[in-house]
Structure formats: structure tokens, C-alpha cells
$ cat work34.pdb   # PDB, C-alpha atoms
ATOM      1  CA  MET A   1      37.533 118.241 129.825  1.00  0.00           C
ATOM      2  CA  PRO A   2      39.529 121.434 129.254  1.00  0.00           C
ATOM      3  CA  LYS A   3      38.811 123.222 125.947  1.00  0.00           C
ATOM      4  CA  ARG A   4      42.456 123.144 124.839  1.00  0.00           C
ATOM      5  CA  LEU A   5      42.614 119.319 125.053  1.00  0.00           C
ATOM      6  CA  GLN A   6      39.604 118.748 122.783  1.00  0.00           C
ATOM      7  CA  PRO A   7      41.455 119.456 119.489  1.00  0.00           C
ATOM      8  CA  CYS A   8      44.283 117.130 120.524  1.00  0.00           C
ATOM      9  CA  LEU A   9      41.825 114.390 121.422  1.00  0.00           C
ATOM     10  CA  CYS A  10      40.098 114.786 118.052  1.00  0.00           C
ATOM     11  CA  ILE A  11      43.403 114.523 116.195  1.00  0.00           C
ATOM     12  CA  VAL A  12      44.422 111.413 118.138  1.00  0.00           C
ATOM     13  CA  ALA A  13      41.019 109.812 117.499  1.00  0.00           C
ATOM     14  CA  ALA A  14      41.225 110.604 113.773  1.00  0.00           C
ATOM     15  CA  LEU A  15      44.714 109.119 113.525  1.00  0.00           C
ATOM     16  CA  ALA A  16      43.613 105.990 115.361  1.00  0.00           C
ATOM     17  CA  LEU A  17      40.640 105.513 113.037  1.00  0.00           C
ATOM     18  CA  SER A  18      42.728 106.042 109.939  1.00  0.00           C
ATOM     19  CA  ALA A  19      45.297 103.519 111.170  1.00  0.00           C
ATOM     20  CA  LEU A  20      42.576 100.937 111.761  1.00  0.00           C
ATOM     21  CA  SER A  21      40.993 101.443 108.369  1.00  0.00           C
ATOM     22  CA  ALA A  22      44.279 101.373 106.454  1.00  0.00           C
ATOM     23  CA  VAL A  23      44.684  98.155 104.467  1.00  0.00           C
ATOM     24  CA  PRO A  24      48.204  97.026 103.592  1.00  0.00           C
ATOM     25  CA  ALA A  25      48.886  96.991  99.863  1.00  0.00           C
ATOM     26  CA  GLY A  26      49.502  93.237  99.894  1.00  0.00           C
ATOM     27  CA  ALA A  27      46.251  92.378 101.700  1.00  0.00           C
ATOM     28  CA  ARG A  28      44.156  92.338  98.524  1.00  0.00           C
ATOM     29  CA  ILE A  29      42.816  88.903  97.573  1.00  0.00           C
ATOM     30  CA  VAL A  30      44.121  87.745  94.198  1.00  0.00           C
ATOM     31  CA  CYS A  31      42.173  84.946  92.553  1.00  0.00           C
ATOM     32  CA  ASP A  32      43.199  82.549  89.804  1.00  0.00           C
ATOM     33  CA  GLY A  33      39.919  80.972  88.798  1.00  0.00           C
ATOM     34  CA  ALA A  34      38.368  79.467  91.926  1.00  0.00           C
ATOM     35  CA  PHE A  35      41.696  79.553  93.773  1.00  0.00           C
ATOM     36  CA  MET A  36      43.279  82.277  95.893  1.00  0.00           C
ATOM     37  CA  VAL A  37      46.940  82.906  95.098  1.00  0.00           C
ATOM     38  CA  THR A  38      49.189  82.877  98.172  1.00  0.00           C
ATOM     39  CA  ARG A  39      52.921  82.695  98.738  1.00  0.00           C
ATOM     40  CA  GLN A  40      52.504  79.012  99.568  1.00  0.00           C
ATOM     41  CA  GLY A  41      50.544  78.256  96.399  1.00  0.00           C
ATOM     42  CA  ARG A  42      46.953  78.241  95.243  1.00  0.00           C
ATOM     43  CA  ILE A  43      44.166  77.543  97.767  1.00  0.00           C
ATOM     44  CA  PHE A  44      40.496  76.958  96.960  1.00  0.00           C
ATOM     45  CA  THR A  45      38.392  79.594  98.733  1.00  0.00           C
ATOM     46  CA  PRO A  46      34.641  80.215  98.622  1.00  0.00           C
ATOM     47  CA  ASN A  47      35.212  83.916  97.841  1.00  0.00           C
ATOM     48  CA  CYS A  48      37.193  83.170  94.699  1.00  0.00           C
ATOM     49  CA  GLY A  49      34.759  80.411  93.719  1.00  0.00           C
ATOM     50  CA  ASP A  50      31.811  82.777  94.075  1.00  0.00           C
ATOM     51  CA  ALA A  51      33.617  85.433  92.036  1.00  0.00           C
ATOM     52  CA  LEU A  52      34.301  82.900  89.280  1.00  0.00           C
ATOM     53  CA  ILE A  53      30.694  81.686  89.231  1.00  0.00           C
ATOM     54  CA  ALA A  54      29.460  85.266  88.930  1.00  0.00           C
ATOM     55  CA  LYS A  55      32.007  86.067  86.200  1.00  0.00           C
ATOM     56  CA  VAL A  56      30.985  83.049  84.121  1.00  0.00           C
ATOM     57  CA  ALA A  57      27.280  83.807  84.629  1.00  0.00           C
ATOM     58  CA  GLN A  58      27.879  87.397  83.507  1.00  0.00           C
ATOM     59  CA  SER A  59      29.642  86.128  80.388  1.00  0.00           C
ATOM     60  CA  TYR A  60      26.336  84.417  79.512  1.00  0.00           C
ATOM     61  CA  GLY A  61      24.427  87.660  80.069  1.00  0.00           C
ATOM     62  CA  TRP A  62      23.171  86.913  83.582  1.00  0.00           C
ATOM     63  CA  LYS A  63      22.937  89.857  85.955  1.00  0.00           C
ATOM     64  CA  THR A  64      24.517  88.447  89.107  1.00  0.00           C
ATOM     65  CA  THR A  65      27.401  89.434  91.359  1.00  0.00           C
ATOM     66  CA  ALA A  66      29.904  87.564  93.503  1.00  0.00           C
ATOM     67  CA  ALA A  67      28.244  89.006  96.594  1.00  0.00           C
ATOM     68  CA  GLU A  68      24.857  87.669  95.491  1.00  0.00           C
ATOM     69  CA  VAL A  69      26.294  84.221  94.768  1.00  0.00           C
ATOM     70  CA  GLY A  70      27.979  84.188  98.181  1.00  0.00           C
ATOM     71  CA  ASP A  71      25.026  85.577 100.134  1.00  0.00           C
ATOM     72  CA  LYS A  72      22.254  83.547  98.480  1.00  0.00           C
ATOM     73  CA  PRO A  73      23.099  79.822  98.373  1.00  0.00           C
ATOM     74  CA  LEU A  74      20.197  79.046  96.039  1.00  0.00           C
ATOM     75  CA  THR A  75      21.582  81.492  93.480  1.00  0.00           C
ATOM     76  CA  LYS A  76      24.825  79.530  93.490  1.00  0.00           C
ATOM     77  CA  VAL A  77      22.973  76.221  93.133  1.00  0.00           C
ATOM     78  CA  TYR A  78      20.809  77.550  90.297  1.00  0.00           C
ATOM     79  CA  VAL A  79      23.727  79.022  88.350  1.00  0.00           C
ATOM     80  CA  CYS A  80      25.753  75.843  88.799  1.00  0.00           C
ATOM     81  CA  GLN A  81      22.879  73.596  87.726  1.00  0.00           C
ATOM     82  CA  VAL A  82      22.148  75.639  84.617  1.00  0.00           C
ATOM     83  CA  LEU A  83      25.694  76.599  83.604  1.00  0.00           C
ATOM     84  CA  GLY A  84      27.624  73.833  85.375  1.00  0.00           C
ATOM     85  CA  GLY A  85      28.516  72.187  82.080  1.00  0.00           C
ATOM     86  CA  ASP A  86      30.919  75.063  81.378  1.00  0.00           C
ATOM     87  CA  ILE A  87      34.454  73.777  82.002  1.00  0.00           C
ATOM     88  CA  ARG A  88      35.380  77.008  83.807  1.00  0.00           C
ATOM     89  CA  LEU A  89      32.999  76.074  86.622  1.00  0.00           C
ATOM     90  CA  LYS A  90      34.418  72.596  87.236  1.00  0.00           C
ATOM     91  CA  GLU A  91      36.021  73.442  90.610  1.00  0.00           C
ATOM     92  CA  ALA A  92      33.655  76.156  91.782  1.00  0.00           C
ATOM     93  CA  CYS A  93      30.492  74.129  91.094  1.00  0.00           C
ATOM     94  CA  ALA A  94      31.736  70.725  92.256  1.00  0.00           C
ATOM     95  CA  GLY A  95      28.722  69.006  93.771  1.00  0.00           C
ATOM     96  CA  TYR A  96      26.192  71.313  92.115  1.00  0.00           C
ATOM     97  CA  GLY A  97      26.851  70.666  88.428  1.00  0.00           C
ATOM     98  CA  PRO A  98      24.532  68.760  86.073  1.00  0.00           C
ATOM     99  CA  GLU A  99      26.567  65.546  86.356  1.00  0.00           C
ATOM    100  CA  GLN A 100      25.868  65.475  90.104  1.00  0.00           C
ATOM    101  CA  TYR A 101      22.078  65.703  90.006  1.00  0.00           C
ATOM    102  CA  ALA A 102      21.409  64.103  86.603  1.00  0.00           C
ATOM    103  CA  PRO A 103      23.955  61.342  86.060  1.00  0.00           C
ATOM    104  CA  GLY A 104      23.857  59.732  82.666  1.00  0.00           C
ATOM    105  CA  HIS A 105      22.420  62.790  80.884  1.00  0.00           C
TER     106      HIS A 105
END
$ encode --input "work34.pdb" --output "C-alpha cells"
Amino acid sequence: MPKRLQPCLCIVAALALSALSAVPAGARIVCDGAFMVTRQGRIFTPNCGDALIAKVAQSYGWKTTAAEVGDKPLTKVYVCQVLGGDIRLKEACAGYGPEQYAPGH
């Protein structure tokens, strides 16, 4: 490759990479509790549910993150079984809460 084309190729490659990594301003996920807010309405998503579970656990002093809750299913189960009585976790912990594994208690 000729030496004078190398700088041009580098500039084109840099522009292409920056265009690929650019995220539109409206692409950010906005959660309302366990639901993602969209133009069509609210939709339950695991990402928002995991974020809510982590937020509630942190409010009790637990050191957990949404990524940990999403990546480690047993963390989600444990948090939901211990803190599932909290009304904020009703949607996000459906199926894991205390009323599911210990009915009548």
C-alpha cells in the first residue's frame, strides 16, 4: 500500500468505528419499576426486573448489582426468597417470592 494512502485509510477506519459505537440518544433503556417504558406502553423486561431487585436489595443494605442478579440466577432466587415480601418486588420476583415456596406462612 502506498505511504500516502495509509493516513486516509486510518481516518476512514476511525470514522467507521466511531459511527458503529455511537448510540442514539433515545436508545437508553428507561425503567419504571420492573417495566421498560416504550412508546407503546410499559413492557416487563428481565433487565428492568433485575435492576429493581438489585435496587430493593441495596435499600436493605445488601451489596448486589443488577448485573449480578442477571448473571447469577441463584442470586435472584435468594434475594427474592428473602426479600420477596416487599411489595416493590411483586412483579420482578413473581414465582420466587415466599408465597410461592411456603404457602400458608
$ resolve_selection --input "work34.pdb" --expression "the PyMOL selection byres ((chain A and resi 92) around 12)" --output "ChimeraX atom specification"
/A:32-35,44-56,69-70,76-77,79-81,83-91,93-97
$ atom_distance --input "work34.pdb" --atom1 "atom CA of A:Ile43" --atom2 "atom CA of A:Val30"
10.8 Å
$ atom_distance --input "work34.pdb" --atom1 "atom CA of A:Val82" --atom2 "atom CA of A:Ala57"
9.6 Å
$ atom_distance --input "work34.pdb" --atom1 "atom CA of A:Arg28" --atom2 "atom CA of A:Leu74"
27.5 Å
$ axis_aligned_box --input "work34.pdb" --around "stretch 58-75 of chain A" --padding-each-side "8 Å" --output "AutoDock Vina command-line options"
--center_x 25.1 --center_y 84.5 --center_z 89.8 --size_x 25.7 --size_y 26.8 --size_z 36.6
